[in-house]
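Asker: For reference, this is entry.cif, and it has mmCIF, N, CA and C atoms.
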```
data_my_file
#
loop_
_atom_site.label_atom_id
_atom_site.label_comp_id
_atom_site.auth_asym_id
_atom_site.auth_seq_id
_atom_site.Cartn_x
_atom_site.Cartn_y
_atom_site.Cartn_z
N MET A 1225 -39.62 202.57 188.60
CA MET A 1225 -40.25 201.27 188.39
C MET A 1225 -39.25 200.17 188.75
N THR A 1226 -39.72 199.19 189.47
CA THR A 1226 -38.84 198.09 189.87
C THR A 1226 -38.66 197.11 188.72
N ASP A 1227 -37.56 196.42 188.73
CA ASP A 1227 -37.25 195.42 187.71
C ASP A 1227 -37.96 194.12 188.08
N PRO A 1228 -38.94 193.68 187.29
CA PRO A 1228 -39.68 192.47 187.65
C PRO A 1228 -38.80 191.22 187.71
N LEU A 1229 -37.80 191.13 186.85
CA LEU A 1229 -36.89 189.98 186.89
C LEU A 1229 -36.12 189.94 188.20
N ALA A 1230 -35.63 191.09 188.64
CA ALA A 1230 -34.89 191.16 189.90
C ALA A 1230 -35.79 190.86 191.09
N THR A 1231 -37.02 191.34 191.05
CA THR A 1231 -37.97 191.07 192.13
C THR A 1231 -38.20 189.57 192.28
N VAL A 1232 -38.48 188.91 191.16
CA VAL A 1232 -38.76 187.47 191.23
C VAL A 1232 -37.49 186.69 191.56
N ARG A 1233 -36.35 187.12 191.05
CA ARG A 1233 -35.09 186.45 191.38
C ARG A 1233 -34.86 186.49 192.89
N ARG A 1234 -35.07 187.64 193.51
CA ARG A 1234 -34.89 187.74 194.97
C ARG A 1234 -35.90 186.86 195.71
N PHE A 1235 -37.13 186.85 195.26
CA PHE A 1235 -38.17 186.00 195.86
C PHE A 1235 -37.74 184.53 195.81
N VAL A 1236 -37.28 184.08 194.65
CA VAL A 1236 -36.89 182.68 194.46
C VAL A 1236 -35.61 182.35 195.24
N GLU A 1237 -34.56 183.12 195.01
CA GLU A 1237 -33.26 182.79 195.62
C GLU A 1237 -33.25 182.98 197.13
N ASP A 1238 -33.79 184.10 197.59
CA ASP A 1238 -33.66 184.44 199.01
C ASP A 1238 -34.83 183.95 199.85
N PHE A 1239 -36.06 184.18 199.39
CA PHE A 1239 -37.20 183.73 200.18
C PHE A 1239 -37.42 182.22 200.03
N LEU A 1240 -37.64 181.75 198.81
CA LEU A 1240 -37.89 180.31 198.64
C LEU A 1240 -36.65 179.48 198.97
N GLY A 1241 -35.48 179.96 198.59
CA GLY A 1241 -34.26 179.19 198.78
C GLY A 1241 -33.71 179.19 200.19
N ARG A 1242 -33.92 180.30 200.93
CA ARG A 1242 -33.29 180.42 202.25
C ARG A 1242 -34.25 180.83 203.35
N ALA A 1243 -35.54 181.00 203.02
CA ALA A 1243 -36.56 181.46 203.98
C ALA A 1243 -36.22 182.83 204.56
N ASP A 1244 -35.66 183.71 203.73
CA ASP A 1244 -35.33 185.07 204.15
C ASP A 1244 -36.63 185.88 204.16
N LEU A 1245 -37.14 186.17 205.35
CA LEU A 1245 -38.43 186.83 205.48
C LEU A 1245 -38.39 188.29 205.01
N ALA A 1246 -37.25 188.94 205.12
CA ALA A 1246 -37.12 190.31 204.60
C ALA A 1246 -37.28 190.32 203.08
N ALA A 1247 -36.75 189.28 202.42
CA ALA A 1247 -36.92 189.17 200.97
C ALA A 1247 -38.39 188.97 200.62
N ALA A 1248 -39.09 188.19 201.42
CA ALA A 1248 -40.53 187.99 201.19
C ALA A 1248 -41.27 189.31 201.30
N ASP A 1249 -40.99 190.07 202.34
CA ASP A 1249 -41.65 191.37 202.55
C ASP A 1249 -41.36 192.33 201.40
N ALA A 1250 -40.16 192.27 200.84
CA ALA A 1250 -39.75 193.21 199.79
C ALA A 1250 -40.28 192.83 198.41
N THR A 1251 -40.69 191.58 198.22
CA THR A 1251 -41.03 191.12 196.87
C THR A 1251 -42.47 190.66 196.70
N ALA A 1252 -43.15 190.31 197.77
CA ALA A 1252 -44.48 189.72 197.67
C ALA A 1252 -45.54 190.62 198.29
N HIS A 1253 -46.69 190.64 197.66
CA HIS A 1253 -47.84 191.38 198.16
C HIS A 1253 -48.40 190.67 199.40
N PRO A 1254 -48.90 191.39 200.39
CA PRO A 1254 -49.45 190.75 201.58
C PRO A 1254 -50.55 189.72 201.28
N ARG A 1255 -51.27 189.91 200.17
CA ARG A 1255 -52.35 188.97 199.82
C ARG A 1255 -51.94 188.02 198.68
N ILE A 1256 -50.66 187.73 198.56
CA ILE A 1256 -50.17 186.82 197.53
C ILE A 1256 -50.92 185.48 197.60
N GLN A 1257 -51.13 184.90 196.45
CA GLN A 1257 -51.67 183.54 196.34
C GLN A 1257 -50.56 182.66 195.76
N GLY A 1258 -50.38 181.48 196.34
CA GLY A 1258 -49.38 180.54 195.85
C GLY A 1258 -50.01 179.21 195.55
N ILE A 1259 -49.76 178.69 194.37
CA ILE A 1259 -50.25 177.38 193.96
C ILE A 1259 -49.04 176.46 193.94
N THR A 1260 -48.96 175.54 194.92
CA THR A 1260 -47.79 174.70 195.08
C THR A 1260 -48.15 173.42 195.83
N GLY A 1261 -47.39 172.38 195.58
CA GLY A 1261 -47.57 171.13 196.30
C GLY A 1261 -47.21 171.23 197.77
N LEU A 1262 -46.58 172.32 198.19
CA LEU A 1262 -46.27 172.49 199.60
C LEU A 1262 -47.52 172.77 200.43
N LYS A 1263 -48.62 173.11 199.75
CA LYS A 1263 -49.93 173.18 200.39
C LYS A 1263 -50.90 172.44 199.48
N PRO A 1264 -50.95 171.13 199.62
CA PRO A 1264 -51.73 170.31 198.67
C PRO A 1264 -53.23 170.49 198.77
N MET A 1265 -53.74 171.07 199.85
CA MET A 1265 -55.17 171.20 200.02
C MET A 1265 -55.76 172.41 199.30
N GLY A 1266 -54.93 173.28 198.77
CA GLY A 1266 -55.42 174.47 198.09
C GLY A 1266 -54.36 175.54 198.05
N PRO A 1267 -54.70 176.70 197.50
CA PRO A 1267 -53.71 177.78 197.38
C PRO A 1267 -53.22 178.30 198.72
N ILE A 1268 -51.97 178.71 198.75
CA ILE A 1268 -51.45 179.49 199.88
C ILE A 1268 -52.17 180.82 199.82
N ASP A 1269 -52.69 181.25 200.93
CA ASP A 1269 -53.53 182.45 200.96
C ASP A 1269 -52.89 183.53 201.83
N GLY A 1270 -52.07 184.36 201.21
CA GLY A 1270 -51.47 185.48 201.91
C GLY A 1270 -50.02 185.25 202.29
N LEU A 1271 -49.32 186.34 202.50
CA LEU A 1271 -47.88 186.29 202.75
C LEU A 1271 -47.56 185.64 204.09
N ASP A 1272 -48.36 185.86 205.10
CA ASP A 1272 -48.07 185.24 206.39
C ASP A 1272 -48.11 183.71 206.29
N GLU A 1273 -49.10 183.18 205.59
CA GLU A 1273 -49.16 181.73 205.40
C GLU A 1273 -47.99 181.24 204.56
N TYR A 1274 -47.64 181.99 203.51
CA TYR A 1274 -46.51 181.63 202.65
C TYR A 1274 -45.23 181.56 203.48
N LYS A 1275 -45.02 182.55 204.34
CA LYS A 1275 -43.81 182.57 205.18
C LYS A 1275 -43.75 181.33 206.07
N GLY A 1276 -44.87 180.99 206.70
CA GLY A 1276 -44.88 179.82 207.57
C GLY A 1276 -44.58 178.53 206.83
N ILE A 1277 -45.14 178.38 205.64
CA ILE A 1277 -44.90 177.17 204.84
C ILE A 1277 -43.45 177.09 204.40
N ILE A 1278 -42.90 178.19 203.92
CA ILE A 1278 -41.51 178.18 203.45
C ILE A 1278 -40.54 178.00 204.62
N GLN A 1279 -40.82 178.60 205.75
CA GLN A 1279 -39.95 178.39 206.92
C GLN A 1279 -39.93 176.92 207.31
N ALA A 1280 -41.09 176.27 207.33
CA ALA A 1280 -41.15 174.85 207.68
C ALA A 1280 -40.43 174.00 206.64
N PHE A 1281 -40.62 174.33 205.36
CA PHE A 1281 -39.98 173.56 204.29
C PHE A 1281 -38.46 173.69 204.36
N VAL A 1282 -37.95 174.92 204.49
CA VAL A 1282 -36.49 175.13 204.52
C VAL A 1282 -35.88 174.54 205.79
N ALA A 1283 -36.62 174.52 206.88
CA ALA A 1283 -36.11 173.88 208.10
C ALA A 1283 -35.96 172.37 207.88
N ALA A 1284 -36.90 171.77 207.15
CA ALA A 1284 -36.86 170.33 206.89
C ALA A 1284 -35.94 169.98 205.72
N PHE A 1285 -35.83 170.89 204.75
CA PHE A 1285 -35.02 170.67 203.55
C PHE A 1285 -34.07 171.84 203.34
N PRO A 1286 -33.06 172.01 204.18
CA PRO A 1286 -32.13 173.12 203.98
C PRO A 1286 -31.33 172.95 202.69
N ALA A 1287 -31.00 174.08 202.09
CA ALA A 1287 -30.27 174.07 200.81
C ALA A 1287 -28.84 173.56 201.01
N GLU A 1288 -28.41 172.74 200.10
CA GLU A 1288 -27.02 172.27 200.05
C GLU A 1288 -26.14 173.28 199.31
N ALA A 1289 -26.77 174.08 198.46
CA ALA A 1289 -26.09 175.12 197.68
C ALA A 1289 -27.14 176.17 197.33
N PRO A 1290 -26.70 177.35 196.94
CA PRO A 1290 -27.68 178.37 196.55
C PRO A 1290 -28.53 177.91 195.36
N VAL A 1291 -29.75 178.44 195.31
CA VAL A 1291 -30.64 178.20 194.17
C VAL A 1291 -29.92 178.65 192.91
N ARG A 1292 -30.05 177.87 191.83
CA ARG A 1292 -29.43 178.22 190.56
C ARG A 1292 -30.52 178.49 189.52
N ILE A 1293 -30.62 179.74 189.08
CA ILE A 1293 -31.59 180.12 188.06
C ILE A 1293 -31.11 179.54 186.72
N ILE A 1294 -31.97 178.78 186.07
CA ILE A 1294 -31.65 178.17 184.78
C ILE A 1294 -32.10 179.07 183.64
N ASP A 1295 -33.29 179.64 183.79
CA ASP A 1295 -33.85 180.49 182.75
C ASP A 1295 -34.86 181.43 183.39
N GLN A 1296 -34.96 182.64 182.85
CA GLN A 1296 -35.92 183.60 183.36
C GLN A 1296 -36.26 184.61 182.28
N PHE A 1297 -37.54 184.91 182.15
CA PHE A 1297 -37.97 185.92 181.19
C PHE A 1297 -39.28 186.55 181.67
N ALA A 1298 -39.54 187.76 181.17
CA ALA A 1298 -40.72 188.51 181.58
C ALA A 1298 -41.57 188.87 180.37
N SER A 1299 -42.85 189.06 180.63
CA SER A 1299 -43.73 189.59 179.59
C SER A 1299 -43.30 191.02 179.26
N SER A 1300 -43.70 191.50 178.10
CA SER A 1300 -43.26 192.83 177.67
C SER A 1300 -43.73 193.93 178.61
N ASP A 1301 -44.84 193.74 179.31
CA ASP A 1301 -45.31 194.76 180.25
C ASP A 1301 -44.82 194.54 181.68
N GLY A 1302 -44.05 193.47 181.90
CA GLY A 1302 -43.46 193.21 183.21
C GLY A 1302 -44.43 192.68 184.25
N THR A 1303 -45.62 192.26 183.84
CA THR A 1303 -46.59 191.76 184.82
C THR A 1303 -46.51 190.25 185.03
N ARG A 1304 -45.74 189.56 184.22
CA ARG A 1304 -45.54 188.11 184.36
C ARG A 1304 -44.06 187.81 184.22
N VAL A 1305 -43.57 186.94 185.12
CA VAL A 1305 -42.18 186.50 185.04
C VAL A 1305 -42.18 184.98 185.19
N VAL A 1306 -41.49 184.33 184.27
CA VAL A 1306 -41.32 182.88 184.33
C VAL A 1306 -39.88 182.60 184.72
N THR A 1307 -39.70 181.77 185.75
CA THR A 1307 -38.38 181.46 186.26
C THR A 1307 -38.25 179.96 186.44
N ARG A 1308 -37.23 179.38 185.81
CA ARG A 1308 -36.92 177.97 186.04
C ARG A 1308 -35.63 177.93 186.85
N PHE A 1309 -35.63 177.07 187.90
CA PHE A 1309 -34.44 176.98 188.74
C PHE A 1309 -34.23 175.57 189.22
N HIS A 1310 -33.00 175.33 189.67
CA HIS A 1310 -32.62 174.09 190.34
C HIS A 1310 -32.21 174.42 191.76
N SER A 1311 -32.56 173.52 192.65
CA SER A 1311 -32.15 173.64 194.04
C SER A 1311 -31.88 172.24 194.56
N ARG A 1312 -30.78 172.07 195.25
CA ARG A 1312 -30.46 170.78 195.89
C ARG A 1312 -30.60 170.99 197.38
N GLN A 1313 -31.50 170.19 197.98
CA GLN A 1313 -31.82 170.38 199.39
C GLN A 1313 -31.81 169.03 200.10
N ARG A 1314 -31.28 169.04 201.31
CA ARG A 1314 -31.15 167.82 202.10
C ARG A 1314 -32.38 167.64 203.00
N HIS A 1315 -32.94 166.45 202.98
CA HIS A 1315 -34.07 166.12 203.85
C HIS A 1315 -33.53 165.88 205.26
N ALA A 1316 -33.46 166.96 206.04
CA ALA A 1316 -32.77 166.94 207.33
C ALA A 1316 -33.71 166.84 208.54
N ALA A 1317 -35.00 167.01 208.33
CA ALA A 1317 -35.95 166.96 209.44
C ALA A 1317 -37.30 166.46 208.93
N ASP A 1318 -38.13 166.05 209.87
CA ASP A 1318 -39.46 165.57 209.49
C ASP A 1318 -40.21 166.64 208.72
N PHE A 1319 -41.00 166.19 207.73
CA PHE A 1319 -41.83 167.10 206.95
C PHE A 1319 -43.12 166.38 206.63
N PHE A 1320 -44.25 166.97 206.98
CA PHE A 1320 -45.56 166.33 206.81
C PHE A 1320 -45.57 164.94 207.44
N GLY A 1321 -44.80 164.74 208.51
CA GLY A 1321 -44.76 163.46 209.18
C GLY A 1321 -43.81 162.44 208.58
N VAL A 1322 -43.12 162.80 207.50
CA VAL A 1322 -42.15 161.89 206.88
C VAL A 1322 -40.80 162.14 207.55
N ALA A 1323 -40.26 161.10 208.17
CA ALA A 1323 -39.00 161.23 208.91
C ALA A 1323 -37.85 161.60 207.98
N ALA A 1324 -36.90 162.36 208.52
CA ALA A 1324 -35.72 162.78 207.77
C ALA A 1324 -34.98 161.56 207.21
N THR A 1325 -34.55 161.68 205.95
CA THR A 1325 -33.80 160.61 205.31
C THR A 1325 -32.34 160.97 205.09
N GLY A 1326 -32.01 162.25 205.17
CA GLY A 1326 -30.65 162.70 204.88
C GLY A 1326 -30.35 162.79 203.39
N ARG A 1327 -31.30 162.42 202.55
CA ARG A 1327 -31.11 162.45 201.10
C ARG A 1327 -31.00 163.88 200.59
N VAL A 1328 -30.13 164.09 199.61
CA VAL A 1328 -30.08 165.36 198.90
C VAL A 1328 -30.96 165.19 197.67
N ILE A 1329 -31.95 166.06 197.56
CA ILE A 1329 -32.96 165.96 196.51
C ILE A 1329 -32.86 167.15 195.58
N LEU A 1330 -32.91 166.88 194.27
CA LEU A 1330 -32.95 167.95 193.27
C LEU A 1330 -34.38 168.42 193.10
N PHE A 1331 -34.58 169.71 193.25
CA PHE A 1331 -35.85 170.35 192.94
C PHE A 1331 -35.65 171.09 191.62
N ASP A 1332 -36.43 170.72 190.62
CA ASP A 1332 -36.39 171.33 189.28
C ASP A 1332 -37.75 171.97 189.07
N GLU A 1333 -37.81 173.28 189.21
CA GLU A 1333 -39.10 173.96 189.24
C GLU A 1333 -39.17 175.12 188.25
N THR A 1334 -40.38 175.35 187.78
CA THR A 1334 -40.69 176.52 186.97
C THR A 1334 -41.82 177.25 187.67
N HIS A 1335 -41.59 178.53 187.94
CA HIS A 1335 -42.59 179.36 188.61
C HIS A 1335 -43.07 180.44 187.64
N VAL A 1336 -44.37 180.65 187.62
CA VAL A 1336 -44.95 181.75 186.86
C VAL A 1336 -45.49 182.73 187.89
N ALA A 1337 -44.86 183.89 187.95
CA ALA A 1337 -45.25 184.92 188.91
C ALA A 1337 -46.00 186.03 188.20
N ARG A 1338 -47.08 186.47 188.82
CA ARG A 1338 -47.83 187.62 188.32
C ARG A 1338 -47.56 188.77 189.28
N LEU A 1339 -47.19 189.92 188.73
CA LEU A 1339 -46.84 191.08 189.55
C LEU A 1339 -47.83 192.22 189.33
N ARG A 1340 -48.02 192.99 190.39
CA ARG A 1340 -48.81 194.22 190.32
C ARG A 1340 -48.11 195.25 191.20
N ASP A 1341 -47.89 196.41 190.66
CA ASP A 1341 -47.23 197.50 191.40
C ASP A 1341 -45.88 197.05 191.99
N GLY A 1342 -45.15 196.22 191.24
CA GLY A 1342 -43.81 195.80 191.62
C GLY A 1342 -43.74 194.66 192.62
N LEU A 1343 -44.90 194.10 193.01
CA LEU A 1343 -44.91 193.00 193.98
C LEU A 1343 -45.58 191.76 193.37
N ILE A 1344 -45.17 190.59 193.82
CA ILE A 1344 -45.74 189.35 193.34
C ILE A 1344 -47.09 189.14 194.03
N VAL A 1345 -48.14 188.98 193.22
CA VAL A 1345 -49.48 188.76 193.76
C VAL A 1345 -49.93 187.31 193.57
N GLU A 1346 -49.23 186.60 192.69
CA GLU A 1346 -49.56 185.19 192.44
C GLU A 1346 -48.30 184.46 192.01
N ASN A 1347 -48.11 183.25 192.53
CA ASN A 1347 -46.97 182.42 192.14
C ASN A 1347 -47.49 181.01 191.91
N ILE A 1348 -47.41 180.57 190.66
CA ILE A 1348 -47.88 179.24 190.29
C ILE A 1348 -46.66 178.37 190.01
N VAL A 1349 -46.58 177.24 190.72
CA VAL A 1349 -45.42 176.36 190.66
C VAL A 1349 -45.73 175.14 189.79
N SER A 1350 -44.83 174.87 188.86
CA SER A 1350 -44.84 173.63 188.10
C SER A 1350 -43.49 172.98 188.34
N ALA A 1351 -43.52 171.72 188.76
CA ALA A 1351 -42.26 171.11 189.19
C ALA A 1351 -42.11 169.69 188.65
N THR A 1352 -40.85 169.35 188.40
CA THR A 1352 -40.48 167.97 188.09
C THR A 1352 -39.61 167.50 189.25
N ASN A 1353 -40.28 167.28 190.37
CA ASN A 1353 -39.61 166.92 191.62
C ASN A 1353 -39.97 165.48 191.97
N LEU A 1354 -39.67 164.55 191.09
CA LEU A 1354 -40.14 163.18 191.25
C LEU A 1354 -39.64 162.53 192.53
N GLU A 1355 -38.39 162.73 192.88
CA GLU A 1355 -37.86 162.12 194.10
C GLU A 1355 -38.60 162.64 195.33
N PHE A 1356 -38.81 163.95 195.40
CA PHE A 1356 -39.57 164.55 196.50
C PHE A 1356 -41.00 164.03 196.51
N GLU A 1357 -41.62 163.98 195.34
CA GLU A 1357 -43.00 163.52 195.26
C GLU A 1357 -43.15 162.07 195.71
N MET A 1358 -42.21 161.22 195.32
CA MET A 1358 -42.29 159.81 195.74
C MET A 1358 -42.03 159.68 197.24
N LEU A 1359 -41.10 160.47 197.76
CA LEU A 1359 -40.80 160.46 199.19
C LEU A 1359 -42.04 160.85 200.00
N MET A 1360 -42.74 161.87 199.54
CA MET A 1360 -43.87 162.42 200.28
C MET A 1360 -45.20 161.76 199.92
N ALA A 1361 -45.25 160.92 198.90
CA ALA A 1361 -46.51 160.36 198.39
C ALA A 1361 -47.37 159.69 199.46
N PRO A 1362 -46.79 158.88 200.36
CA PRO A 1362 -47.66 158.22 201.34
C PRO A 1362 -48.47 159.19 202.20
N VAL A 1363 -47.93 160.36 202.44
CA VAL A 1363 -48.62 161.34 203.27
C VAL A 1363 -49.47 162.30 202.42
N LEU A 1364 -48.90 162.76 201.30
CA LEU A 1364 -49.59 163.79 200.51
C LEU A 1364 -50.70 163.23 199.62
N ALA A 1365 -50.54 162.01 199.12
CA ALA A 1365 -51.56 161.44 198.22
C ALA A 1365 -52.96 161.46 198.82
N PRO A 1366 -53.15 161.04 200.07
CA PRO A 1366 -54.50 161.10 200.63
C PRO A 1366 -55.06 162.52 200.74
N MET A 1367 -54.18 163.53 200.90
CA MET A 1367 -54.64 164.91 200.97
C MET A 1367 -55.11 165.41 199.61
N ILE A 1368 -54.41 164.94 198.57
CA ILE A 1368 -54.68 165.41 197.21
C ILE A 1368 -55.80 164.61 196.57
N LEU A 1369 -55.79 163.29 196.76
CA LEU A 1369 -56.74 162.40 196.09
C LEU A 1369 -57.93 162.06 196.99
N ARG A 1370 -58.48 163.04 197.63
CA ARG A 1370 -59.59 162.81 198.55
C ARG A 1370 -60.92 162.73 197.85
#
```
Kindly present the structure from the file in structure tokens form.

Answerer:
Amino acid sequence: MTDPLATVRRFVEDFLGRADLAAADATAHPRIQGITGLKPMGPIDGLDEYKGIIQAFVAAFPAEAPVRIIDQFASSDGTRVVTRFHSRQRHAADFFGVAATGRVILFDETHVARLRDGLIVENIVSATNLEFEMLMAPVLAPMILR
């Protein structure tokens, strides 16, 4: 049996933090669903779409330092893992049409991952990313508040 904490840690640190596609393949189910502001129009539907979104995000916001796990715990049956982390990423390229600012932005996120057969099938993101949200608001608000 795989360690659910280690699975989610690798997903967060390597896939979300560095766009490591091998980490995505090793930790996420092909039909994973992701609920995140990185796709404001609805859930990320499947691993291929998740990979494309994370690759674009990390290209525009490369990490200034490795992701730092703040807290992590799992349900007693290992089917849910909650992970809070910090990541500092530089806005180095256009994203959703917002020109690069060069700003280093703190991402403070909590992810609730649901696992089945050792793979993540759902990842729900809750974030206190106010600087990122304000930076992206002119573009993302019309997509969300339609």

Asker: How would you write, as number ranges by chain, the set of residues in chain A that DSSP gives as alpha helix (DSSP H)?

Answerer: A: 1228-1234, 1241-1242, 1245-1251, 1271-1284, 1354-1368

Asker: Taking the file above as input, evaluate the PyMOL selection byres ((chain A and resi 1230-1240) around 8) and report the hits as an mmCIF file with N, CA and C atoms, in the frame of the given file.

Answerer:
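Written output follows (result_13.cif):
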```cif
data_model
loop_
_atom_site.group_PDB
_atom_site.id
_atom_site.type_symbol
_atom_site.label_atom_id
_atom_site.label_comp_id
_atom_site.auth_asym_id
_atom_site.auth_seq_id
_atom_site.Cartn_x
_atom_site.Cartn_y
_atom_site.Cartn_z
ATOM 1 N N THR A 1226 -39.720 199.190 189.470
ATOM 2 C CA THR A 1226 -38.840 198.090 189.870
ATOM 3 C C THR A 1226 -38.660 197.110 188.720
ATOM 4 N N ASP A 1227 -37.560 196.420 188.730
ATOM 5 C CA ASP A 1227 -37.250 195.420 187.710
ATOM 6 C C ASP A 1227 -37.960 194.120 188.080
ATOM 7 N N PRO A 1228 -38.940 193.680 187.290
ATOM 8 C CA PRO A 1228 -39.680 192.470 187.650
ATOM 9 C C PRO A 1228 -38.800 191.220 187.710
ATOM 10 N N LEU A 1229 -37.800 191.130 186.850
ATOM 11 C CA LEU A 1229 -36.890 189.980 186.890
ATOM 12 C C LEU A 1229 -36.120 189.940 188.200
ATOM 13 N N GLY A 1241 -35.480 179.960 198.590
ATOM 14 C CA GLY A 1241 -34.260 179.190 198.780
ATOM 15 C C GLY A 1241 -33.710 179.190 200.190
ATOM 16 N N ARG A 1242 -33.920 180.300 200.930
ATOM 17 C CA ARG A 1242 -33.290 180.420 202.250
ATOM 18 C C ARG A 1242 -34.250 180.830 203.350
ATOM 19 N N ALA A 1243 -35.540 181.000 203.020
ATOM 20 C CA ALA A 1243 -36.560 181.460 203.980
ATOM 21 C C ALA A 1243 -36.220 182.830 204.560
ATOM 22 N N ASP A 1244 -35.660 183.710 203.730
ATOM 23 C CA ASP A 1244 -35.330 185.070 204.150
ATOM 24 C C ASP A 1244 -36.630 185.880 204.160
ATOM 25 N N LEU A 1245 -37.140 186.170 205.350
ATOM 26 C CA LEU A 1245 -38.430 186.830 205.480
ATOM 27 C C LEU A 1245 -38.390 188.290 205.010
ATOM 28 N N ALA A 1246 -37.250 188.940 205.120
ATOM 29 C CA ALA A 1246 -37.120 190.310 204.600
ATOM 30 C C ALA A 1246 -37.280 190.320 203.080
ATOM 31 N N ALA A 1247 -36.750 189.280 202.420
ATOM 32 C CA ALA A 1247 -36.920 189.170 200.970
ATOM 33 C C ALA A 1247 -38.390 188.970 200.620
ATOM 34 N N ALA A 1248 -39.090 188.190 201.420
ATOM 35 C CA ALA A 1248 -40.530 187.990 201.190
ATOM 36 C C ALA A 1248 -41.270 189.310 201.300
ATOM 37 N N ASP A 1249 -40.990 190.070 202.340
ATOM 38 C CA ASP A 1249 -41.650 191.370 202.550
ATOM 39 C C ASP A 1249 -41.360 192.330 201.400
ATOM 40 N N ALA A 1250 -40.160 192.270 200.840
ATOM 41 C CA ALA A 1250 -39.750 193.210 199.790
ATOM 42 C C ALA A 1250 -40.280 192.830 198.410
ATOM 43 N N THR A 1251 -40.690 191.580 198.220
ATOM 44 C CA THR A 1251 -41.030 191.120 196.870
ATOM 45 C C THR A 1251 -42.470 190.660 196.700
ATOM 46 N N ALA A 1252 -43.150 190.310 197.770
ATOM 47 C CA ALA A 1252 -44.480 189.720 197.670
ATOM 48 C C ALA A 1252 -45.540 190.620 198.290
ATOM 49 N N ILE A 1278 -42.900 178.190 203.920
ATOM 50 C CA ILE A 1278 -41.510 178.180 203.450
ATOM 51 C C ILE A 1278 -40.540 178.000 204.620
ATOM 52 N N GLN A 1279 -40.820 178.600 205.750
ATOM 53 C CA GLN A 1279 -39.950 178.390 206.920
ATOM 54 C C GLN A 1279 -39.930 176.920 207.310
ATOM 55 N N VAL A 1282 -37.950 174.920 204.490
ATOM 56 C CA VAL A 1282 -36.490 175.130 204.520
ATOM 57 C C VAL A 1282 -35.880 174.540 205.790
ATOM 58 N N PRO A 1290 -26.700 177.350 196.940
ATOM 59 C CA PRO A 1290 -27.680 178.370 196.550
ATOM 60 C C PRO A 1290 -28.530 177.910 195.360
ATOM 61 N N VAL A 1291 -29.750 178.440 195.310
ATOM 62 C CA VAL A 1291 -30.640 178.200 194.170
ATOM 63 C C VAL A 1291 -29.920 178.650 192.910
ATOM 64 N N ARG A 1292 -30.050 177.870 191.830
ATOM 65 C CA ARG A 1292 -29.430 178.220 190.560
ATOM 66 C C ARG A 1292 -30.520 178.490 189.520
ATOM 67 N N ILE A 1293 -30.620 179.740 189.080
ATOM 68 C CA ILE A 1293 -31.590 180.120 188.060
ATOM 69 C C ILE A 1293 -31.110 179.540 186.720
ATOM 70 N N VAL A 1305 -43.570 186.940 185.120
ATOM 71 C CA VAL A 1305 -42.180 186.500 185.040
ATOM 72 C C VAL A 1305 -42.180 184.980 185.190
ATOM 73 N N THR A 1307 -39.700 181.770 185.750
ATOM 74 C CA THR A 1307 -38.380 181.460 186.260
ATOM 75 C C THR A 1307 -38.250 179.960 186.440
ATOM 76 N N ALA A 1337 -44.860 183.890 187.950
ATOM 77 C CA ALA A 1337 -45.250 184.920 188.910
ATOM 78 C C ALA A 1337 -46.000 186.030 188.200
ATOM 79 N N GLY A 1342 -45.150 196.220 191.240
ATOM 80 C CA GLY A 1342 -43.810 195.800 191.620
ATOM 81 C C GLY A 1342 -43.740 194.660 192.620
ATOM 82 N N LEU A 1343 -44.900 194.100 193.010
ATOM 83 C CA LEU A 1343 -44.910 193.000 193.980
ATOM 84 C C LEU A 1343 -45.580 191.760 193.370
ATOM 85 N N ILE A 1344 -45.170 190.590 193.820
ATOM 86 C CA ILE A 1344 -45.740 189.350 193.340
ATOM 87 C C ILE A 1344 -47.090 189.140 194.030
#
```

Asker: A:Phe1319, A:Ile1259, A:Pro1264, A:His1253: which is nearest Phe1281 of chain A, counting all atoms listed in the file?

Answerer: A:Phe1319

Asker: Enter the distance from atom CA of Arg1312 of chain A to atom CA of Pro1254 of chain A, in Å, rounded to one decimal.

Answerer: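 Computed distance, atom CA of Arg1312 of chain A to atom CA of Pro1254 of chain A, equals 28.1 Å.
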
Asker: Step one, run DSSP on the backbone; step two, keep only residues of chain A assigned to strand (DSSP E or B); then write them as a PyMOL selection string.

Answerer: chain A and resi 1252-1259+1268-1269+1287+1292-1298+1304-1314+1319+1322+1328-1340+1343-1351

Asker: Give the answer as one residue: which of A:Thr1334, A:Arg1340, A:Ala1365, A:Asp1301 has the shortest atom-to-atom distance to Thr1352 of chain A, using only C-alpha atoms?

Answerer: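 So, comparing all the options, the nearest one is A:Thr1334.
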
Asker: Got a sec to resolve the PyMOL selection byres (((chain A and resi 1272 and name CA) around 10) and name CA) on this structure and send the residues as a list of chain:residue names?

Answerer: A:Leu1245, A:Ala1248, A:Asp1249, A:Pro1254, A:Arg1255, A:Ile1256, A:Ile1268, A:Asp1269, A:Gly1270, A:Leu1271, A:Glu1273, A:Tyr1274, A:Lys1275, A:Gly1276, A:Ile1277

Asker: What separation in Å, quoted to one decimal, exists between atom C of Arg1314 of chain A and atom CA of Gln1257 of chain A?

Answerer: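 Those two atoms sit 25.9 Å apart.
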
Asker: For a quick check of your reading of the model, name the residues lying within 8 Å of the coordinate (-35.2, 181.5, 181.2), counting only C-alpha atoms, and write them as a ChimeraX atom specification.

Answerer: /A:1293-1297,1306-1308
